[in-house]
>>> print(open('run_15.cif').read())   # mmCIF, C-alpha atoms
data_target
loop_
_atom_site.label_atom_id
_atom_site.label_comp_id
_atom_site.auth_asym_id
_atom_site.auth_seq_id
_atom_site.Cartn_x
_atom_site.Cartn_y
_atom_site.Cartn_z
CA MET A 1 -74.99 24.46 57.62
CA LYS A 2 -74.45 22.59 54.38
CA PHE A 3 -71.69 20.00 53.86
CA ALA A 4 -70.55 18.02 50.83
CA PHE A 5 -68.41 14.90 50.41
CA TYR A 6 -65.86 13.64 47.91
CA THR A 7 -65.00 9.95 48.26
CA LEU A 8 -61.98 8.20 46.81
CA GLY A 9 -61.22 4.50 46.93
CA CYS A 10 -63.08 1.39 47.98
CA LYS A 11 -66.66 0.49 48.87
CA THR A 12 -65.74 0.66 52.55
CA ASN A 13 -64.91 4.33 52.09
CA GLN A 14 -68.22 4.81 50.30
CA TYR A 15 -70.03 3.17 53.21
CA GLU A 16 -68.25 5.39 55.73
CA THR A 17 -69.05 8.51 53.71
CA GLN A 18 -72.73 7.56 53.67
CA ALA A 19 -72.56 7.02 57.43
CA MET A 20 -71.05 10.48 57.97
CA GLU A 21 -73.75 11.99 55.77
CA GLN A 22 -76.34 10.43 58.06
CA LEU A 23 -74.54 11.60 61.20
CA LEU A 24 -74.54 15.17 59.89
CA ARG A 25 -78.22 14.95 58.94
CA GLN A 26 -79.03 13.65 62.45
CA ARG A 27 -77.37 16.80 63.81
CA GLY A 28 -79.59 19.03 61.72
CA GLN A 29 -77.12 19.71 58.90
CA GLU A 30 -77.81 19.69 55.16
CA ILE A 31 -75.94 17.60 52.59
CA GLY A 32 -75.09 19.37 49.34
CA SER A 33 -73.11 18.75 46.18
CA PHE A 34 -69.33 18.93 46.12
CA ASP A 35 -69.54 21.19 43.06
CA SER A 36 -71.86 23.73 44.69
CA PRO A 37 -71.35 26.33 47.46
CA CYS A 38 -71.29 24.76 50.92
CA ASP A 39 -70.09 25.66 54.41
CA GLY A 40 -67.86 22.63 54.62
CA TYR A 41 -66.30 19.97 52.39
CA ILE A 42 -65.15 16.51 53.46
CA ILE A 43 -62.66 14.50 51.42
CA ASN A 44 -62.54 10.81 52.33
CA THR A 45 -59.21 9.59 50.99
CA CYS A 46 -57.63 6.39 49.71
CA SER A 47 -53.96 5.43 49.90
CA VAL A 48 -53.80 2.06 48.18
CA THR A 49 -51.28 3.36 45.61
CA MET A 50 -49.12 6.43 45.00
CA VAL A 51 -51.51 7.30 42.17
CA ALA A 52 -54.30 7.43 44.77
CA ASP A 53 -52.19 9.76 46.91
CA LYS A 54 -51.72 12.07 43.94
CA LYS A 55 -55.49 12.15 43.36
CA ASN A 56 -56.06 12.94 47.04
CA ARG A 57 -53.74 15.94 46.91
CA ALA A 58 -55.26 17.21 43.66
CA VAL A 59 -58.80 17.12 45.09
CA ILE A 60 -57.74 18.82 48.34
CA ARG A 61 -55.84 21.59 46.53
CA ARG A 62 -58.73 22.24 44.14
CA CYS A 63 -61.23 22.34 46.99
CA ARG A 64 -59.15 24.82 48.98
CA LYS A 65 -58.60 27.03 45.93
CA GLU A 66 -62.28 27.09 44.95
CA HIS A 67 -63.61 27.46 48.51
CA PRO A 68 -61.09 29.53 50.50
CA ASP A 69 -63.54 30.39 53.28
CA ALA A 70 -65.12 26.97 53.74
CA VAL A 71 -64.16 24.40 56.36
CA ILE A 72 -62.28 21.52 54.75
CA GLY A 73 -61.98 18.19 56.51
CA VAL A 74 -59.86 15.28 55.31
CA CYS A 75 -60.03 11.73 56.63
CA GLY A 76 -59.26 8.20 55.43
CA CYS A 77 -56.25 6.06 54.70
CA TYR A 78 -54.14 8.87 53.21
CA THR A 79 -54.24 10.98 56.37
CA GLN A 80 -53.59 7.85 58.42
CA HIS A 81 -50.54 7.05 56.29
CA ASP A 82 -49.13 10.54 55.68
CA ALA A 83 -50.73 13.18 57.88
CA ASP A 84 -47.81 15.59 57.30
CA ALA A 85 -48.60 15.79 53.59
CA VAL A 86 -52.21 16.67 54.38
CA ARG A 87 -51.25 19.29 56.97
CA LYS A 88 -49.20 21.14 54.34
CA LEU A 89 -52.32 21.55 52.18
CA GLY A 90 -53.99 23.89 54.62
CA VAL A 91 -57.00 21.83 55.68
CA ASP A 92 -58.99 22.60 58.82
CA VAL A 93 -59.85 19.16 60.22
CA ILE A 94 -57.77 15.99 59.98
CA GLY A 95 -59.01 12.55 60.94
CA GLY A 96 -57.67 9.08 60.20
CA SER A 97 -59.30 5.89 58.97
CA ALA A 98 -61.35 5.38 62.14
CA GLY A 99 -63.40 7.49 64.54
CA ARG A 100 -65.90 8.75 61.98
CA GLY A 101 -68.32 9.97 64.64
CA GLU A 102 -65.63 11.99 66.39
CA PHE A 103 -64.47 13.37 63.03
CA VAL A 104 -67.99 14.69 62.34
CA GLU A 105 -68.05 16.38 65.74
CA MET A 106 -64.67 18.02 65.06
CA LEU A 107 -65.94 19.21 61.69
CA LEU A 108 -68.95 20.92 63.25
CA ARG A 109 -66.83 22.48 65.97
CA SER A 110 -64.33 23.78 63.42
CA ALA A 111 -67.11 25.31 61.35
CA GLU A 112 -68.62 27.06 64.39
CA GLU A 113 -65.45 28.18 66.19
CA LYS A 114 -63.09 28.63 63.20
CA VAL A 115 -60.41 26.42 64.74
CA ARG A 116 -58.19 23.75 63.27
CA LEU A 117 -58.58 20.30 64.78
CA GLU A 118 -56.86 16.94 64.39
CA LYS A 119 -57.28 13.45 65.84
CA LEU A 120 -55.25 10.42 64.74
CA ASP A 121 -54.60 7.10 66.42
CA GLU A 122 -52.27 4.14 65.95
CA ALA A 123 -54.10 1.85 63.53
CA LEU A 124 -52.26 -1.31 64.61
CA ARG A 125 -53.58 -0.86 68.17
CA ARG A 126 -57.26 -0.86 67.18
CA ARG A 127 -59.38 -3.63 68.66
CA GLU A 128 -62.99 -2.37 68.48
CA PHE A 129 -65.37 -2.23 65.51
CA GLU A 130 -66.86 1.26 65.15
CA ILE A 131 -70.65 1.08 64.85
CA LEU A 132 -72.01 3.47 62.25
CA PRO A 133 -75.46 3.90 60.65
CA ALA A 134 -75.93 1.80 57.52
CA GLY A 135 -77.38 3.00 54.24
CA GLY A 136 -77.23 6.32 52.45
CA LEU A 137 -79.53 9.22 51.71
CA GLU A 138 -82.97 8.63 50.24
CA GLY A 139 -83.30 7.61 46.60
CA ARG A 140 -80.65 4.93 46.60
CA THR A 141 -81.53 1.38 45.68
CA ARG A 142 -78.44 -0.51 46.85
CA ALA A 143 -77.04 -0.16 50.36
CA MET A 144 -73.62 -1.14 51.62
CA LEU A 145 -73.35 -2.92 54.94
CA LYS A 146 -69.91 -2.89 56.52
CA VAL A 147 -69.30 -6.22 58.23
CA GLN A 148 -65.68 -5.80 59.29
CA ASP A 149 -62.64 -3.55 59.17
CA GLY A 150 -58.91 -4.17 59.01
CA CYS A 151 -56.65 -6.83 57.51
CA VAL A 152 -53.81 -9.01 58.77
CA ASN A 153 -52.62 -10.49 55.47
CA PHE A 154 -49.70 -8.06 55.03
CA CYS A 155 -49.24 -8.68 51.31
CA SER A 156 -45.86 -7.34 50.25
CA TYR A 157 -47.29 -4.57 48.03
CA CYS A 158 -50.08 -3.33 50.33
CA ILE A 159 -50.13 -0.50 52.87
CA ILE A 160 -53.71 -1.09 54.02
CA PRO A 161 -52.97 -3.28 57.10
CA TYR A 162 -50.89 -0.37 58.40
CA THR A 163 -53.60 2.23 57.72
CA ARG A 164 -56.62 0.17 58.78
CA GLY A 165 -55.21 -2.01 61.54
CA PRO A 166 -56.12 -5.58 62.50
CA VAL A 167 -59.44 -7.30 61.80
CA ARG A 168 -62.41 -6.04 63.82
CA SER A 169 -65.72 -7.75 63.13
CA ALA A 170 -69.22 -6.33 63.51
CA PRO A 171 -71.34 -8.38 65.95
CA LEU A 172 -73.74 -10.67 64.12
CA GLU A 173 -76.81 -9.32 65.93
CA LEU A 174 -75.90 -5.78 64.85
CA LEU A 175 -75.58 -6.82 61.19
CA VAL A 176 -78.92 -8.62 61.23
CA ALA A 177 -80.61 -5.60 62.82
CA GLN A 178 -79.06 -3.19 60.31
CA ALA A 179 -80.03 -5.44 57.39
CA LYS A 180 -83.64 -5.48 58.58
CA GLU A 181 -83.58 -1.70 58.98
CA LEU A 182 -82.34 -1.29 55.40
CA ALA A 183 -85.13 -3.54 54.16
CA ALA A 184 -87.69 -1.45 56.05
CA ARG A 185 -86.29 1.71 54.46
CA GLY A 186 -86.99 0.37 50.97
CA TYR A 187 -83.59 -0.77 49.77
CA ARG A 188 -83.67 -3.70 47.36
CA GLU A 189 -80.08 -4.92 47.63
CA ILE A 190 -77.36 -5.06 50.29
CA VAL A 191 -73.64 -5.28 49.49
CA LEU A 192 -71.58 -6.81 52.29
CA THR A 193 -68.39 -4.82 52.41
CA GLY A 194 -65.24 -4.47 54.46
CA ILE A 195 -61.49 -4.34 54.06
CA GLU A 196 -61.26 -8.15 53.96
CA ILE A 197 -64.69 -9.68 54.55
CA ALA A 198 -63.32 -13.23 54.59
CA GLY A 199 -61.66 -12.24 57.87
CA TRP A 200 -65.03 -11.64 59.55
CA GLY A 201 -65.38 -13.57 62.80
CA GLY A 202 -61.67 -14.16 63.40
CA ASP A 203 -61.70 -11.83 66.40
CA LEU A 204 -65.11 -12.85 67.78
CA PRO A 205 -65.74 -15.47 70.50
CA GLY A 206 -65.61 -18.94 68.96
CA LYS A 207 -64.24 -17.51 65.67
CA PRO A 208 -67.44 -18.09 63.64
CA PRO A 209 -66.87 -18.51 59.88
CA MET A 210 -67.89 -15.83 57.41
CA ALA A 211 -70.52 -18.20 55.96
CA ASP A 212 -72.47 -18.00 59.24
CA MET A 213 -72.69 -14.23 58.92
CA VAL A 214 -73.80 -14.34 55.27
CA SER A 215 -76.40 -16.99 56.07
CA ALA A 216 -77.85 -14.96 58.94
CA ILE A 217 -78.22 -11.86 56.76
CA CYS A 218 -79.73 -13.77 53.83
CA GLU A 219 -82.28 -15.33 56.18
CA ALA A 220 -83.04 -12.01 57.90
CA VAL A 221 -83.93 -10.24 54.63
CA PRO A 222 -85.17 -12.95 52.23
CA ASP A 223 -86.77 -10.37 49.90
CA LEU A 224 -83.54 -8.39 49.44
CA ARG A 225 -80.65 -9.28 47.23
CA VAL A 226 -77.44 -9.88 49.16
CA ARG A 227 -74.19 -9.33 47.29
CA LEU A 228 -70.74 -10.25 48.58
CA GLY A 229 -67.74 -7.95 48.45
CA SER A 230 -64.28 -9.14 47.48
CA LEU A 231 -63.49 -12.70 48.61
CA GLU A 232 -60.19 -14.32 49.50
CA PRO A 233 -59.93 -17.59 47.49
CA ARG A 234 -59.23 -19.77 50.52
CA VAL A 235 -62.67 -19.06 51.98
CA VAL A 236 -64.32 -20.75 48.97
CA THR A 237 -64.56 -24.36 50.10
CA GLU A 238 -67.13 -27.02 49.21
CA GLU A 239 -68.77 -26.51 52.61
CA PHE A 240 -68.97 -22.75 51.94
CA CYS A 241 -70.52 -23.26 48.51
CA ILE A 242 -73.06 -25.83 49.72
CA LYS A 243 -74.20 -23.44 52.45
CA MET A 244 -74.31 -20.34 50.24
CA SER A 245 -76.18 -22.07 47.41
CA GLN A 246 -79.18 -22.55 49.72
CA TYR A 247 -80.07 -18.86 49.48
CA PRO A 248 -81.85 -17.69 46.32
CA ASN A 249 -81.34 -14.06 47.35
CA LEU A 250 -77.53 -14.38 47.34
CA CYS A 251 -76.31 -12.79 44.11
CA PRO A 252 -74.32 -15.18 41.87
CA GLN A 253 -71.47 -12.72 41.39
CA PHE A 254 -68.18 -13.35 43.15
CA HIS A 255 -65.19 -11.03 43.13
CA LEU A 256 -62.39 -13.48 43.81
CA SER A 257 -59.15 -11.68 44.61
CA MET A 258 -56.26 -12.94 42.42
CA GLN A 259 -53.51 -10.30 41.74
CA SER A 260 -51.34 -12.67 39.66
CA GLY A 261 -51.76 -15.88 37.70
CA CYS A 262 -48.17 -17.02 38.33
CA ASP A 263 -47.14 -18.95 41.44
CA THR A 264 -43.68 -17.39 41.80
CA VAL A 265 -45.14 -13.88 41.62
CA LEU A 266 -47.87 -14.80 44.10
CA ALA A 267 -45.16 -16.01 46.47
CA ARG A 268 -43.29 -12.69 46.20
CA MET A 269 -46.56 -10.88 46.79
CA LYS A 270 -46.99 -12.92 50.00
CA ARG A 271 -50.43 -14.08 48.86
CA LYS A 272 -51.62 -17.11 50.82
CA TYR A 273 -52.70 -19.31 47.91
CA ASP A 274 -51.33 -20.54 44.59
CA THR A 275 -52.95 -20.89 41.17
CA ALA A 276 -54.05 -24.46 41.86
CA ARG A 277 -55.99 -23.36 44.95
CA TYR A 278 -57.42 -20.43 43.04
CA ALA A 279 -58.56 -22.70 40.20
CA GLU A 280 -60.22 -24.99 42.74
CA SER A 281 -62.21 -22.01 44.07
CA LEU A 282 -63.38 -21.24 40.53
CA ARG A 283 -64.40 -24.85 39.97
CA LEU A 284 -66.44 -24.94 43.17
CA LEU A 285 -68.23 -21.66 42.49
CA ARG A 286 -69.17 -22.73 38.97
CA LYS A 287 -70.34 -26.13 40.21
CA PHE A 288 -72.70 -24.72 42.81
CA PHE A 289 -73.63 -21.47 41.01
CA PRO A 290 -73.90 -22.37 37.30
CA GLY A 291 -73.50 -19.35 35.06
CA CYS A 292 -72.25 -17.16 37.90
CA ALA A 293 -70.08 -14.12 37.18
CA ILE A 294 -66.59 -14.37 38.60
CA THR A 295 -64.57 -11.17 38.55
CA THR A 296 -61.09 -10.36 39.79
CA ASP A 297 -58.19 -7.91 40.11
CA MET A 298 -54.76 -8.33 38.53
CA ILE A 299 -51.51 -6.46 39.17
CA VAL A 300 -49.13 -6.43 36.21
CA ALA A 301 -45.39 -5.62 36.18
CA PHE A 302 -44.85 -6.54 39.82
CA PRO A 303 -41.18 -6.13 40.81
CA GLY A 304 -39.10 -8.85 39.21
CA GLU A 305 -41.94 -10.18 37.04
CA THR A 306 -40.25 -11.71 34.01
CA GLU A 307 -41.69 -12.07 30.53
CA GLU A 308 -42.17 -15.77 31.24
CA GLU A 309 -44.02 -15.09 34.49
CA PHE A 310 -46.23 -12.53 32.80
CA ALA A 311 -46.98 -14.96 29.97
CA ALA A 312 -47.96 -17.56 32.59
CA SER A 313 -50.34 -15.02 34.16
CA LEU A 314 -51.98 -14.28 30.82
CA ALA A 315 -52.44 -17.97 30.09
CA PHE A 316 -53.96 -18.47 33.53
CA ILE A 317 -56.55 -15.68 33.20
CA GLU A 318 -57.53 -17.00 29.76
CA ALA A 319 -58.18 -20.40 31.35
CA CYS A 320 -60.18 -18.79 34.18
CA ALA A 321 -62.65 -17.14 31.74
CA PHE A 322 -63.52 -14.26 34.03
CA ALA A 323 -66.70 -12.24 33.51
CA ASP A 324 -64.79 -9.03 34.19
CA MET A 325 -61.40 -7.88 35.47
CA HIS A 326 -59.73 -4.79 36.87
CA ILE A 327 -56.15 -4.47 35.65
CA PHE A 328 -53.65 -2.40 37.64
CA PRO A 329 -50.02 -1.69 36.83
CA TYR A 330 -47.93 -2.16 39.97
CA SER A 331 -47.58 1.11 41.88
CA ARG A 332 -44.75 1.52 44.36
CA ARG A 333 -45.87 2.12 47.91
CA PRO A 334 -43.24 3.42 50.37
CA GLY A 335 -43.48 1.51 53.63
CA THR A 336 -44.14 -1.87 52.00
CA PRO A 337 -41.61 -4.66 51.30
CA ALA A 338 -42.32 -4.60 47.54
CA ASP A 339 -41.12 -1.00 47.32
CA LYS A 340 -37.58 -2.20 48.09
CA MET A 341 -37.61 -5.27 45.86
CA PRO A 342 -35.21 -5.43 42.92
CA GLY A 343 -36.51 -5.51 39.36
CA GLN A 344 -38.79 -2.46 39.45
CA HIS A 345 -40.30 -1.99 35.97
CA ASP A 346 -40.42 1.22 33.95
CA ASN A 347 -43.67 2.85 32.86
CA ALA A 348 -43.36 1.58 29.29
CA THR A 349 -43.32 -2.03 30.50
CA LYS A 350 -46.23 -1.38 32.83
CA GLU A 351 -48.28 0.14 30.01
CA GLN A 352 -47.44 -2.67 27.59
CA ARG A 353 -48.40 -5.40 30.05
CA SER A 354 -51.54 -3.53 31.10
CA ARG A 355 -52.69 -3.32 27.48
CA ALA A 356 -52.06 -7.02 26.91
CA ALA A 357 -54.04 -8.01 30.00
CA ILE A 358 -56.86 -5.53 29.29
CA GLU A 359 -57.25 -6.92 25.76
CA ILE A 360 -57.84 -10.41 27.16
CA ALA A 361 -60.12 -9.08 29.92
CA GLU A 362 -62.29 -7.19 27.44
CA ARG A 363 -62.59 -10.24 25.20
CA MET A 364 -63.63 -12.43 28.16
CA ASN A 365 -66.16 -9.83 29.28
CA LYS A 366 -67.73 -9.74 25.82
CA THR A 367 -67.87 -13.53 25.70
CA TYR A 368 -69.62 -13.66 29.07
CA ARG A 369 -72.19 -11.06 28.02
CA GLU A 370 -72.83 -12.80 24.67
CA LYS A 371 -73.81 -15.97 26.53
CA LEU A 372 -76.58 -14.05 28.27
CA VAL A 373 -78.34 -12.96 25.06
CA GLY A 374 -81.76 -14.63 24.94
CA SER A 375 -81.88 -15.23 28.68
CA VAL A 376 -84.25 -13.58 31.16
CA GLN A 377 -82.60 -11.59 33.95
CA GLN A 378 -84.13 -10.02 37.05
CA VAL A 379 -82.94 -6.42 36.89
CA LEU A 380 -82.87 -3.93 39.73
CA PHE A 381 -83.30 -0.52 38.08
CA GLU A 382 -81.21 2.20 39.69
CA GLU A 383 -81.13 5.23 37.38
CA THR A 384 -82.03 6.65 33.98
CA GLU A 385 -79.36 7.37 31.37
CA GLY A 386 -80.76 9.24 28.40
CA ALA A 387 -83.42 7.10 26.75
CA TYR A 388 -82.79 4.08 29.00
CA ASP A 389 -83.63 2.84 32.46
CA VAL A 390 -80.44 1.22 33.72
CA GLY A 391 -79.88 -1.41 36.36
CA HIS A 392 -78.01 -4.56 37.19
CA ALA A 393 -78.83 -8.24 36.99
CA PRO A 394 -77.94 -10.50 39.95
CA ASN A 395 -74.64 -11.27 38.17
CA TYR A 396 -73.96 -7.49 38.18
CA VAL A 397 -74.05 -7.13 34.40
CA LYS A 398 -75.40 -3.70 33.47
CA ILE A 399 -78.77 -3.82 31.66
CA TYR A 400 -80.34 -1.08 29.50
CA VAL A 401 -84.10 -0.97 28.85
CA LYS A 402 -86.22 1.71 27.16
CA ALA A 403 -86.98 4.31 29.81
CA ALA A 404 -90.28 4.08 31.68
CA GLY A 405 -89.39 5.42 35.15
CA ARG A 406 -88.66 2.10 36.85
CA HIS A 407 -86.37 3.44 39.60
CA ASN A 408 -85.94 0.96 42.48
CA GLU A 409 -88.09 -1.66 40.76
CA ILE A 410 -87.06 -5.23 40.03
CA ALA A 411 -88.36 -6.58 36.73
CA ASP A 412 -87.78 -9.56 34.44
CA VAL A 413 -85.90 -8.48 31.33
CA ARG A 414 -85.33 -10.55 28.20
CA ILE A 415 -81.83 -9.85 26.89
CA THR A 416 -81.80 -8.95 23.20
CA GLY A 417 -78.17 -8.04 22.55
CA LEU A 418 -74.95 -6.33 23.58
CA TYR A 419 -75.01 -2.60 24.28
CA GLN A 420 -72.08 -0.40 25.33
CA ASP A 421 -70.63 -1.84 28.57
CA GLY A 422 -73.62 -4.09 29.20
CA LEU A 423 -76.68 -5.60 27.58
CA LEU A 424 -79.87 -4.36 25.93
CA GLY A 425 -83.18 -5.86 26.98
CA GLU A 426 -86.93 -5.55 26.90
#
>>> encode(input="run_15.cif", output="structure tokens")
Amino acid sequence: MKFAFYTLGCKTNQYETQAMEQLLRQRGQEIGSFDSPCDGYIINTCSVTMVADKKNRAVIRRCRKEHPDAVIGVCGCYTQHDADAVRKLGVDVIGGSAGRGEFVEMLLRSAEEKVRLEKLDEALRRREFEILPAGGLEGRTRAMLKVQDGCVNFCSYCIIPYTRGPVRSAPLELLVAQAKELAARGYREIVLTGIEIAGWGGDLPGKPPMADMVSAICEAVPDLRVRLGSLEPRVVTEEFCIKMSQYPNLCPQFHLSMQSGCDTVLARMKRKYDTARYAESLRLLRKFFPGCAITTDMIVAFPGETEEEFAASLAFIEACAFADMHIFPYSRRPGTPADKMPGQHDNATKEQRSRAAIEIAERMNKTYREKLVGSVQQVLFEETEGAYDVGHAPNYVKIYVKAAGRHNEIADVRITGLYQDGLLGE
């Protein structure tokens, strides 16, 4: 049989989709395109915002309408959070945000026996890390390696601790073995991903720090790039930076989670740092990784955010000089404390503040890219777009070079100028 996937949300979801693709292939099944005829379709959902929920429902409805006779399976954070809403859409197999192997087995059984199946658990009771195969189908250059699952931060706006459960860490020996396997399969870069990778080790004997895990992987695959997923600012200490700077294969790009540049808003968000601690993390990263790219996320129009607080946030991000940012207007999430907070903003305010933040973010991104003109970057080429081979430098800036079929090659590129969302080189 042939199955196809549609993945919404984070890199962890992407990793888990790739793992399910492999599990199906191991069982003799074929993987097809979501836009072509298949026997079954799997939608791996996200539920980080209400907007994400709306996208989930739209994809499920369209899939059922276009493929009335196919088996449709839905898993992920949306089904974990609101299984009733998914049941009403007429899907055949429902799984949550765990048990990917069991979900694949249910999918195959449903396709063969024409039965509807469902398996959900209580996320907050999870204690074991589910071991899944790492890497995707052939032809990919960058592999994701899931190092942990779950989160215990319980930020006031976030539903994810309730849909993913507490922190469960992958054993270090497993991660080292999977990294070596990915290297043997020809991948050139590994992205360490998880729901909150800074939490790795907190549930393991002796509570080893995340830096130990990163070090072990960097040492295990010295010829592969190793890229970190999103970091919590408090993990960036001088000791962390000293240790990480020893590894030339660690990519100098750090996504440092921020959400707001105003202390009073951060407090209402229940974030566990303030702007002074965040600024110290930036200082340390730039000291030990000169020229590194620091990226972040920002939520605008959080409940009760005043004009003065928003202005403070804008001034803070200007001072941070980020290489890139993702700007999100606050989205209400039933089941979280922020949903019941006073001072909910209207859409017009959200759009206005988003535009103001995006304008600054785009200017900072252009400034960062301009500083790279004339430099030489080691580019991992991943695909061809029109007349250009396209890849990413270690700092994750997108690089365009005249096409010559360089897929999965790493080459030195001299940067000659800005181009679209990245840089042009030769």
>>> resolve_selection(input="run_15.cif", expression="the PyMOL selection byres ((chain A and resi 221) around 12)", output="MDAnalysis selection string")
chainID A and resid 175:184 186:190 214:220 222:226 247:250
>>> residues_around(input="run_15.cif", residues="Val91 (chain A)", least_positions_apart="3", cutoff="7 Å", atoms="only C-alpha atoms", output="list in words")
Ile72, Gly73 and Arg87 of chain A
>>> atom_distance(input="run_15.cif", atom1="CA of Phe310 (chain A)", atom2="CA of Arg277 (chain A)")
19.0 Å
>>> residues_around(input="run_15.cif", residues="Gly261 (chain A)", least_positions_apart="5", cutoff="12 Å", atoms="only C-alpha atoms", output="PyMOL selection string")
chain A and resi 266-267+269+271+273-279+296-300+302+305+308-320+357
>>> resolve_selection(input="run_15.cif", expression="the PyMOL selection byres ((chain A and resi 342) around 8)", output="VMD selection string")
chain A and resid 303 to 304 340 to 341 343 to 344
>>> residues_near_point(input="run_15.cif", point="(-72.4, 26.8, 60.9)", cutoff="6 Å", atoms="all atoms listed in the file", output="ChimeraX atom specification")
/A:1,111-112
